[in-house]
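Engineer: Structure file structure36.cif (mmCIF, C-alpha atoms) is given on the next line.
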data_start
loop_
_atom_site.label_atom_id
_atom_site.label_comp_id
_atom_site.auth_asym_id
_atom_site.auth_seq_id
_atom_site.Cartn_x
_atom_site.Cartn_y
_atom_site.Cartn_z
CA MET K 1 -29.36 27.99 37.00
CA THR K 2 -27.21 27.98 33.86
CA ARG K 3 -26.22 24.39 34.56
CA GLY K 4 -29.90 23.51 34.92
CA ARG K 5 -30.77 24.99 31.54
CA ALA K 6 -27.89 23.22 29.86
CA GLY K 7 -29.16 19.95 31.33
CA LEU K 8 -32.66 20.65 30.09
CA ALA K 9 -31.30 21.43 26.64
CA ALA K 10 -29.37 18.17 26.62
CA VAL K 11 -32.53 16.24 27.52
CA ILE K 12 -34.42 17.92 24.68
CA VAL K 13 -31.63 17.15 22.24
CA PHE K 14 -31.68 13.49 23.27
CA ALA K 15 -35.47 13.38 22.99
CA ALA K 16 -35.29 14.88 19.52
CA ALA K 17 -32.65 12.39 18.49
CA ALA K 18 -34.80 9.54 19.78
CA ALA K 19 -37.77 10.89 17.84
CA CYS K 20 -35.69 11.02 14.69
CA ARG K 21 -34.37 7.50 15.20
CA SER K 22 -37.91 6.08 15.39
CA THR K 23 -38.25 6.64 11.64
CA ALA K 24 -35.86 3.76 11.05
CA PRO K 25 -37.33 0.67 9.37
CA LEU K 26 -38.49 -2.06 11.71
CA ASP K 27 -37.81 -5.74 11.15
CA VAL K 28 -40.67 -7.86 12.45
CA HIS K 29 -40.45 -11.60 13.04
CA THR K 30 -43.93 -12.87 12.46
CA SER K 31 -45.69 -16.13 11.82
CA LEU K 32 -47.14 -16.20 8.31
CA PRO K 33 -49.82 -18.68 7.24
CA GLY K 34 -48.76 -21.70 5.24
CA VAL K 35 -48.84 -21.57 1.47
CA SER K 36 -51.02 -24.29 0.02
CA SER K 37 -49.86 -26.21 -3.01
CA PHE K 38 -53.37 -25.70 -4.36
CA PRO K 39 -54.49 -22.51 -6.09
CA PRO K 40 -56.26 -20.00 -3.84
CA GLY K 41 -59.97 -20.65 -3.45
CA THR K 42 -59.67 -24.39 -4.14
CA PHE K 43 -61.08 -25.21 -0.73
CA THR K 44 -63.72 -22.83 0.51
CA THR K 45 -65.81 -25.67 1.89
CA ILE K 46 -64.53 -29.08 2.88
CA ILE K 47 -67.11 -31.81 3.27
CA VAL K 48 -65.86 -34.63 5.44
CA THR K 49 -67.59 -37.81 4.30
CA ARG K 50 -67.69 -41.23 5.88
CA PHE K 51 -64.36 -43.04 6.12
CA ARG K 52 -64.29 -46.77 5.57
CA ASP K 53 -62.99 -48.81 8.48
CA ASP K 54 -63.11 -52.36 7.23
CA ALA K 55 -61.48 -54.05 10.21
CA PRO K 56 -62.12 -51.96 13.32
CA PRO K 57 -60.92 -53.12 16.74
CA PRO K 58 -63.74 -54.69 18.80
CA ASP K 59 -64.10 -51.78 21.22
CA PHE K 60 -63.52 -48.76 19.01
CA ALA K 61 -64.68 -47.37 15.65
CA PRO K 62 -61.80 -45.45 14.06
CA GLY K 63 -63.80 -44.28 11.03
CA PRO K 64 -66.17 -41.84 12.76
CA ALA K 65 -63.39 -40.89 15.17
CA LEU K 66 -61.06 -39.91 12.32
CA GLU K 67 -63.88 -37.96 10.68
CA ASP K 68 -64.27 -36.01 13.92
CA VAL K 69 -60.55 -35.33 14.19
CA LEU K 70 -60.31 -34.16 10.57
CA ALA K 71 -63.47 -32.05 10.70
CA ASN K 72 -62.54 -30.32 13.95
CA GLY K 73 -58.90 -29.87 12.97
CA LEU K 74 -59.65 -28.44 9.54
CA ARG K 75 -62.34 -26.20 11.00
CA ARG K 76 -59.67 -24.65 13.23
CA GLU K 77 -57.20 -24.36 10.34
CA LEU K 78 -59.68 -22.80 7.93
CA LYS K 79 -61.16 -20.41 10.46
CA HIS K 80 -58.87 -17.51 9.57
CA THR K 81 -59.57 -17.87 5.85
CA GLY K 82 -63.34 -18.04 6.30
CA GLY K 83 -63.41 -21.62 5.00
CA LEU K 84 -66.15 -24.00 6.09
CA VAL K 85 -66.14 -27.63 7.12
CA ASP K 86 -69.23 -29.78 6.79
CA ARG K 87 -70.00 -33.41 7.59
CA ARG K 88 -71.87 -35.76 5.22
CA ARG K 89 -71.94 -39.36 6.35
CA ASP K 90 -74.49 -40.33 3.70
CA GLU K 91 -71.99 -39.94 0.85
CA ALA K 92 -70.03 -42.93 1.97
CA ARG K 93 -70.62 -45.24 -0.92
CA ALA K 94 -68.97 -43.06 -3.51
CA ARG K 95 -65.33 -43.93 -4.02
CA PRO K 96 -62.48 -41.57 -4.97
CA THR K 97 -62.05 -43.70 -8.09
CA ASP K 98 -65.56 -42.93 -9.27
CA PRO K 99 -65.57 -39.30 -10.47
CA ALA K 100 -69.11 -39.49 -11.81
CA ALA K 101 -70.49 -40.48 -8.40
CA TRP K 102 -68.61 -37.68 -6.70
CA LYS K 103 -69.72 -35.17 -9.31
CA ALA K 104 -73.33 -36.21 -8.79
CA ALA K 105 -72.88 -35.89 -5.02
CA GLY K 106 -71.40 -32.45 -5.52
CA GLU K 107 -74.30 -31.02 -7.50
CA GLY K 108 -75.66 -27.89 -5.88
CA ARG K 109 -72.55 -27.42 -3.77
CA PRO K 110 -70.84 -24.01 -3.72
CA SER K 111 -67.81 -23.54 -5.93
CA GLY K 112 -64.65 -24.41 -4.06
CA ALA K 113 -66.33 -27.30 -2.25
CA ALA K 114 -64.33 -30.48 -1.92
CA PHE K 115 -65.05 -33.87 -0.43
CA LEU K 116 -62.72 -35.54 2.01
CA ALA K 117 -62.97 -39.29 1.79
CA GLY K 118 -60.95 -42.40 2.36
CA ALA K 119 -60.34 -45.34 4.60
CA VAL K 120 -58.84 -45.90 8.00
CA ARG K 121 -57.34 -48.88 9.75
CA LEU K 122 -56.27 -49.08 13.38
CA SER K 123 -54.33 -52.15 14.37
CA ALA K 124 -52.17 -53.34 17.24
CA LYS K 125 -49.68 -56.10 17.82
CA THR K 126 -47.59 -57.14 20.76
CA LEU K 127 -43.84 -57.18 20.28
CA LYS K 128 -41.65 -59.27 22.54
CA ALA K 129 -37.90 -59.25 22.97
CA ILE K 130 -35.33 -60.59 25.39
CA ASP K 131 -34.26 -58.13 28.03
CA LYS K 132 -30.47 -58.18 27.77
CA LYS K 133 -30.04 -56.58 31.19
CA ALA K 134 -32.05 -59.31 32.89
CA LEU K 135 -30.06 -61.95 31.01
CA ALA K 136 -26.94 -60.91 32.85
CA ASP K 137 -28.59 -61.96 36.13
CA GLY K 138 -28.69 -65.62 35.14
CA PRO K 139 -30.01 -68.01 32.49
CA PHE K 140 -33.17 -69.07 34.37
CA ASP K 141 -36.72 -67.70 34.56
CA LEU K 142 -37.34 -66.99 30.87
CA ALA K 143 -40.59 -65.17 31.53
CA ARG K 144 -38.80 -62.49 33.51
CA ARG K 145 -36.30 -61.97 30.73
CA LEU K 146 -38.90 -61.13 28.10
CA ILE K 147 -40.01 -57.58 27.63
CA ALA K 148 -43.17 -56.76 25.73
CA LYS K 149 -44.68 -53.67 24.23
CA ARG K 150 -47.81 -52.97 22.27
CA ARG K 151 -47.42 -51.31 18.87
CA TRP K 152 -50.44 -49.40 17.65
CA THR K 153 -50.59 -48.38 13.99
CA LEU K 154 -53.05 -46.01 12.39
CA GLU K 155 -53.21 -45.97 8.62
CA ALA K 156 -55.38 -43.38 6.93
CA GLU K 157 -55.92 -43.16 3.21
CA ILE K 158 -57.19 -39.67 2.52
CA SER K 159 -58.49 -38.27 -0.74
CA VAL K 160 -59.65 -34.77 -1.57
CA VAL K 161 -62.19 -34.79 -4.37
CA SER K 162 -63.50 -31.76 -6.21
CA ALA K 163 -67.26 -31.45 -5.73
CA ALA K 164 -67.52 -29.62 -9.06
CA THR K 165 -65.76 -32.14 -11.30
CA GLY K 166 -65.46 -35.31 -9.24
CA GLU K 167 -61.72 -35.24 -9.91
CA THR K 168 -59.37 -36.46 -7.19
CA LEU K 169 -57.23 -33.45 -6.32
CA TYR K 170 -55.11 -35.09 -3.68
CA HIS K 171 -54.52 -38.61 -2.46
CA GLU K 172 -52.13 -39.81 0.20
CA THR K 173 -51.80 -42.67 2.64
CA PHE K 174 -50.57 -41.66 6.07
CA ARG K 175 -49.20 -44.20 8.49
CA GLU K 176 -48.26 -43.53 12.10
CA SER K 177 -47.12 -46.01 14.73
CA GLN K 178 -46.39 -45.78 18.42
CA ASP K 179 -45.08 -48.36 20.90
CA TYR K 180 -46.59 -48.45 24.36
CA GLY K 181 -45.28 -50.21 27.44
CA GLU K 182 -48.86 -50.65 28.65
CA LEU K 183 -50.09 -53.77 26.90
CA ASP K 184 -53.69 -52.91 27.78
CA LYS K 185 -53.53 -49.38 26.37
CA ALA K 186 -57.05 -48.46 25.25
CA ALA K 187 -57.48 -48.21 21.48
CA GLU K 188 -59.13 -44.82 21.91
CA PHE K 189 -56.06 -43.31 23.60
CA ALA K 190 -53.64 -44.73 21.05
CA PHE K 191 -55.91 -43.51 18.23
CA SER K 192 -56.06 -40.02 19.70
CA GLU K 193 -52.26 -39.62 19.66
CA LEU K 194 -51.80 -41.13 16.22
CA ALA K 195 -54.71 -39.27 14.62
CA ASP K 196 -53.33 -35.93 15.83
CA ARG K 197 -50.07 -36.65 14.03
CA ILE K 198 -51.90 -37.58 10.85
CA LEU K 199 -54.02 -34.46 11.06
CA GLY K 200 -50.84 -32.35 11.36
CA ARG K 201 -49.26 -33.95 8.31
CA PHE K 202 -52.44 -33.80 6.27
CA SER K 203 -53.30 -30.18 7.04
CA GLN K 204 -49.71 -29.22 6.26
CA ALA K 205 -49.99 -30.91 2.88
CA LEU K 206 -53.38 -29.38 2.22
CA LEU K 207 -52.99 -25.89 3.61
CA GLY K 208 -49.25 -25.42 4.04
CA ARG K 209 -47.26 -24.92 7.19
CA PRO K 210 -47.03 -21.58 8.97
CA THR K 211 -43.48 -20.30 9.27
CA ILE K 212 -41.78 -17.50 11.13
CA GLU K 213 -40.59 -14.90 8.63
CA VAL K 214 -38.82 -11.59 8.83
CA ARG K 215 -40.33 -8.62 7.04
CA THR K 216 -39.31 -4.99 7.11
CA LEU K 217 -41.91 -2.37 7.94
CA LEU K 218 -41.21 1.18 6.84
CA ARG K 219 -42.00 4.24 8.88
CA ARG K 220 -41.39 6.92 6.28
CA MET U 221 -20.95 26.84 29.92
CA THR U 222 -22.13 30.41 29.45
CA ARG U 223 -25.71 31.50 29.67
CA ARG U 224 -25.65 32.25 25.96
CA THR U 225 -24.45 28.77 25.03
CA ALA U 226 -27.12 27.24 27.22
CA CYS U 227 -29.80 29.32 25.48
CA LEU U 228 -28.52 28.33 22.06
CA LEU U 229 -28.51 24.67 23.01
CA PHE U 230 -32.03 24.99 24.37
CA LEU U 231 -33.25 26.62 21.16
CA ALA U 232 -31.54 24.04 18.95
CA GLY U 233 -33.02 21.22 20.96
CA SER U 234 -36.47 22.72 20.85
CA CYS U 235 -36.27 23.14 17.08
CA LEU U 236 -35.20 19.53 16.63
CA ALA U 237 -37.97 18.26 18.87
CA LEU U 238 -40.60 20.39 17.17
CA GLY U 239 -39.34 19.26 13.76
CA ALA U 240 -39.56 15.63 14.78
CA CYS U 241 -43.06 16.16 16.14
CA ALA U 242 -44.19 17.86 12.95
CA ARG U 243 -42.89 14.98 10.85
CA ARG U 244 -44.61 12.52 13.20
CA LEU U 245 -47.93 14.27 12.49
CA SER U 246 -47.51 13.90 8.73
CA VAL U 247 -46.57 10.22 8.88
CA GLY U 248 -48.77 9.48 11.88
CA PRO U 249 -50.88 6.65 10.46
CA LEU U 250 -47.81 5.00 8.94
CA ARG U 251 -45.98 4.85 12.24
CA ALA U 252 -49.10 4.06 14.23
CA GLY U 253 -49.60 1.09 11.92
CA VAL U 254 -46.06 -0.09 12.52
CA ALA U 255 -46.59 0.18 16.26
CA ALA U 256 -49.83 -1.82 15.99
CA ALA U 257 -48.20 -4.47 13.81
CA ASN U 258 -45.26 -4.73 16.17
CA ASP U 259 -47.85 -5.45 18.85
CA GLU U 260 -49.46 -8.14 16.62
CA ARG U 261 -52.57 -5.99 16.05
CA TRP U 262 -52.52 -6.46 12.31
CA ASP U 263 -56.14 -5.54 11.56
CA GLU U 264 -55.58 -2.22 13.24
CA ALA U 265 -52.32 -1.81 11.33
CA ILE U 266 -54.17 -2.33 8.05
CA ARG U 267 -56.61 0.42 8.98
CA PHE U 268 -53.75 2.82 9.74
CA TRP U 269 -51.88 2.05 6.53
CA THR U 270 -55.03 2.33 4.45
CA GLN U 271 -55.51 5.73 6.06
CA ALA U 272 -51.88 6.58 5.25
CA LEU U 273 -52.54 5.74 1.60
CA GLU U 274 -55.62 7.95 1.57
CA GLN U 275 -53.38 10.82 2.68
CA ASP U 276 -50.56 9.92 0.31
CA PRO U 277 -51.39 7.38 -2.42
CA GLN U 278 -47.77 7.52 -3.60
CA SER U 279 -46.41 6.22 -0.31
CA ALA U 280 -44.30 3.18 -1.15
CA ALA U 281 -43.84 2.56 2.56
CA ALA U 282 -47.59 2.25 3.13
CA HIS U 283 -47.94 -0.11 0.15
CA ASN U 284 -45.02 -2.19 1.43
CA ASN U 285 -46.46 -2.39 4.94
CA LEU U 286 -49.92 -3.27 3.66
CA ALA U 287 -48.36 -6.04 1.59
CA VAL U 288 -46.78 -7.49 4.73
CA ALA U 289 -50.14 -7.29 6.53
CA TYR U 290 -51.89 -9.10 3.68
CA GLU U 291 -49.20 -11.75 3.80
CA LYS U 292 -49.98 -12.13 7.46
CA ARG U 293 -53.63 -12.67 6.53
CA GLY U 294 -52.73 -15.21 3.87
CA ASP U 295 -54.22 -13.01 1.18
CA TRP U 296 -51.48 -13.63 -1.38
CA PRO U 297 -53.05 -11.79 -4.37
CA ALA U 298 -53.57 -8.62 -2.33
CA ALA U 299 -50.03 -8.86 -0.94
CA ALA U 300 -48.59 -9.28 -4.43
CA GLY U 301 -50.53 -6.24 -5.66
CA GLU U 302 -49.27 -4.04 -2.85
CA TYR U 303 -45.66 -5.19 -3.24
CA GLU U 304 -45.78 -4.55 -6.98
CA GLU U 305 -47.10 -1.06 -6.37
CA ALA U 306 -44.44 -0.37 -3.72
CA VAL U 307 -41.67 -1.56 -6.07
CA ARG U 308 -43.10 0.53 -8.90
CA LEU U 309 -43.06 3.63 -6.72
CA GLU U 310 -39.59 3.03 -5.29
CA PRO U 311 -37.72 0.63 -7.57
CA ASP U 312 -34.40 1.25 -5.84
CA ASN U 313 -35.61 0.63 -2.32
CA ALA U 314 -33.66 -2.46 -1.23
CA LEU U 315 -35.88 -3.08 1.79
CA ILE U 316 -39.05 -3.24 -0.29
CA ARG U 317 -37.33 -5.43 -2.85
CA GLY U 318 -36.06 -7.70 -0.08
CA ASN U 319 -39.59 -8.16 1.30
CA TYR U 320 -41.00 -8.79 -2.18
CA GLU U 321 -38.33 -11.34 -3.08
CA ALA U 322 -38.88 -13.19 0.21
CA PHE U 323 -42.64 -13.18 -0.42
CA LYS U 324 -42.26 -14.56 -3.95
CA ALA U 325 -39.76 -17.21 -2.87
CA ARG U 326 -42.06 -18.44 -0.09
CA LEU U 327 -45.06 -18.53 -2.41
CA ASP U 328 -43.14 -20.45 -5.08
CA ALA U 329 -41.77 -22.91 -2.55
CA GLY U 330 -45.24 -23.52 -1.11
CA ARG U 331 -46.69 -24.14 -4.53
CA GLY U 332 -43.93 -26.52 -5.52
CA LYS U 333 -42.14 -24.15 -7.88
CA GLY U 334 -39.12 -23.68 -5.66
CA SER U 335 -35.68 -24.94 -6.56
#
Would you kindly transcribe this structure into structure tokens?

Structural biologist:
Amino acid sequence: MTRGRAGLAAVIVFAAAAACRSTAPLDVHTSLPGVSSFPPGTFTTIIVTRFRDDAPPPDFAPGPALEDVLANGLRRELKHTGGLVDRRRDEARARPTDPAAWKAAGEGRPSGAAFLAGAVRLSAKTLKAIDKKALADGPFDLARRLIAKRRWTLEAEISVVSAATGETLYHETFRESQDYGELDKAAEFAFSELADRILGRFSQALLGRPTIEVRTLLRR
Amino acid sequence: MTRRTACLLFLAGSCLALGACARRLSVGPLRAGVAAANDERWDEAIRFWTQALEQDPQSAAAHNNLAVAYEKRGDWPAAAGEYEEAVRLEPDNALIRGNYEAFKARLDAGRGKGS
């Protein structure tokens, strides 16, 4: 009986000690949103306008496709801040270099609205090289010794223009390339991969990159 | 172990446990918020810490924790305000200062002011 009580007392003491220990500070590793290089509130609404695509491939229009990628991607990124993304294909003629035109287009827009504009170019070329492994088999049959791959390149010139002032707030040209063994790779598939990379780089520049940080939470 | 020793141990343990429970009641929202945040329920954590501040507006811990939660939301001005208040209330608290310094460094780096 006595031994039983002593055991019970020990359990209570341990429980009490555990309760006391739970007042210790707690380090949390948490993902914090990216810090934008722009002042807060600069982009409450982003209006994706028409992107120029002066030399599109015959079977694919990269301009509207890039607009879709940017609009959908930014919509996801801005969701947690309550930001909005709109599409305006009719404001295509204005150029980032023409502040007055952008300012006129921005009349009546809410404060913090910005236009996204620019140009896009999707191109491909076939690269050929001699396969050194095949060369070791013998000097004949040149066709078999050539290896070929298709290099797709997406170049996007993106500008962010203030709807209030027409001023260009940000301008950057992004270029992404990828080599494919399939020479008949569809332009749409190549575009999809390359545009995702450009979206990642652009949204990081615009909105910052989330990072894992350690912060201490206090319990008393 | 004698019966008397066992009784004394039992009483001591009970007192400790009751003391811990009483303290838990007074800092309930603070700790509940930490538990929620640790479980990635940050909105709930904010509600608990706001409640903790209603009970004790001078709680540096609640201000510090709220600052972290606002950082999580990306609300930098609110986070800065809470950190400043926490530091004002407990200027010698190294943990609060550590959080605040890390917050400021990240903000400066993101805005191109970092070294």

Engineer: Can you list, as a compact mmCIF listing (two decimals) with C-alpha atoms, keeping the file's coordinate frame, the residues that the PyMOL selection byres ((chain U and resi 257) around 12) selects here?

Structural biologist:
# COMPACT_ATOMS: atom_id res chain seq x y z
CA LEU K 26 -38.49 -2.06 11.71
CA ASP K 27 -37.81 -5.74 11.15
CA VAL K 28 -40.67 -7.86 12.45
CA HIS K 29 -40.45 -11.60 13.04
CA THR K 30 -43.93 -12.87 12.46
CA ARG K 215 -40.33 -8.62 7.04
CA THR K 216 -39.31 -4.99 7.11
CA LEU K 217 -41.91 -2.37 7.94
CA LEU K 218 -41.21 1.18 6.84
CA ARG K 219 -42.00 4.24 8.88
CA PRO U 249 -50.88 6.65 10.46
CA LEU U 250 -47.81 5.00 8.94
CA ARG U 251 -45.98 4.85 12.24
CA ALA U 252 -49.10 4.06 14.23
CA GLY U 253 -49.60 1.09 11.92
CA VAL U 254 -46.06 -0.09 12.52
CA ALA U 255 -46.59 0.18 16.26
CA ALA U 256 -49.83 -1.82 15.99
CA ASN U 258 -45.26 -4.73 16.17
CA ASP U 259 -47.85 -5.45 18.85
CA GLU U 260 -49.46 -8.14 16.62
CA ARG U 261 -52.57 -5.99 16.05
CA TRP U 262 -52.52 -6.46 12.31
CA ASP U 263 -56.14 -5.54 11.56
CA GLU U 264 -55.58 -2.22 13.24
CA ALA U 265 -52.32 -1.81 11.33
CA ILE U 266 -54.17 -2.33 8.05
CA ARG U 267 -56.61 0.42 8.98
CA PHE U 268 -53.75 2.82 9.74
CA TRP U 269 -51.88 2.05 6.53
CA ASN U 285 -46.46 -2.39 4.94
CA LEU U 286 -49.92 -3.27 3.66
CA VAL U 288 -46.78 -7.49 4.73
CA ALA U 289 -50.14 -7.29 6.53
CA TYR U 290 -51.89 -9.10 3.68
CA LYS U 292 -49.98 -12.13 7.46

Engineer: Running the PyMOL selection byres ((chain U and resi 295-298) around 9) on this model by hand, what would come out? Give it as a list of chain:residue names.

Structural biologist: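 Selected by the PyMOL selection byres ((chain U and resi 295-298) around 9) in this file: K:Val35, K:Pro40, K:Thr81, U:Leu286, U:Ala287, U:Ala289, U:Tyr290, U:Glu291, U:Lys292, U:Arg293, U:Gly294, U:Ala299, U:Ala300, U:Gly301, U:Glu302, U:Tyr303, U:Phe323, U:Leu327.
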
Engineer: From the list K:Ser162, K:Phe115, K:Phe43, K:Ile147, which residue is nearest K:Glu77 when using all atoms listed in the file?

Structural biologist: K:Phe43

Engineer: Which distance in Å separates atom CA of K:Ala205 and atom CA of K:Glu172, to one decimal?

Structural biologist: 9.5 Å

Engineer: Can you tell me how far atom CA of K:Glu193 sits from atom CA of K:Gly63, in Å to one decimal?

Structural biologist: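 Between these atoms lies a distance of 15.1 Å.
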
Engineer: Let me make sure I understand: among U:Arg331, U:Arg317, U:Arg224, U:Arg308, which one has the smallest atom-to-atom distance to chain K if we use only C-alpha atoms?

Structural biologist: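 The shortest atom-to-atom distance to chain K comes from U:Arg331.
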
Engineer: Could you tell me how far atom CA of K:Tyr170 sits from atom CA of K:Arg75, in Å to one decimal place?

Structural biologist: 18.6 Å

Engineer: Hey, what comes out of the PyMOL selection byres ((chain K and resi 85) around 9) on this file? Could you write it as a ChimeraX atom specification?

Structural biologist: /K:44-48,71-72,74-75,78,83-84,86-87

Engineer: Restricting the calculation to only C-alpha atoms: of K:Leu32, K:Ala164, K:Ala195, K:Ala100, which residue gets closest to chain U?

Structural biologist: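 Closest to chain U of all the choices is K:Leu32.
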
Engineer: To test the calculation: enclose all listed atoms of stretch 281-294 of chain U in a box whose edges run along x, y and z, add 4 Å on each side, then state centre and edge lengths in Å to one decimal, as AutoDock Vina command-line options.

Structural biologist:
--center_x -48.7 --center_y -6.3 --center_z 3.8 --size_x 17.8 --size_y 25.8 --size_z 15.3
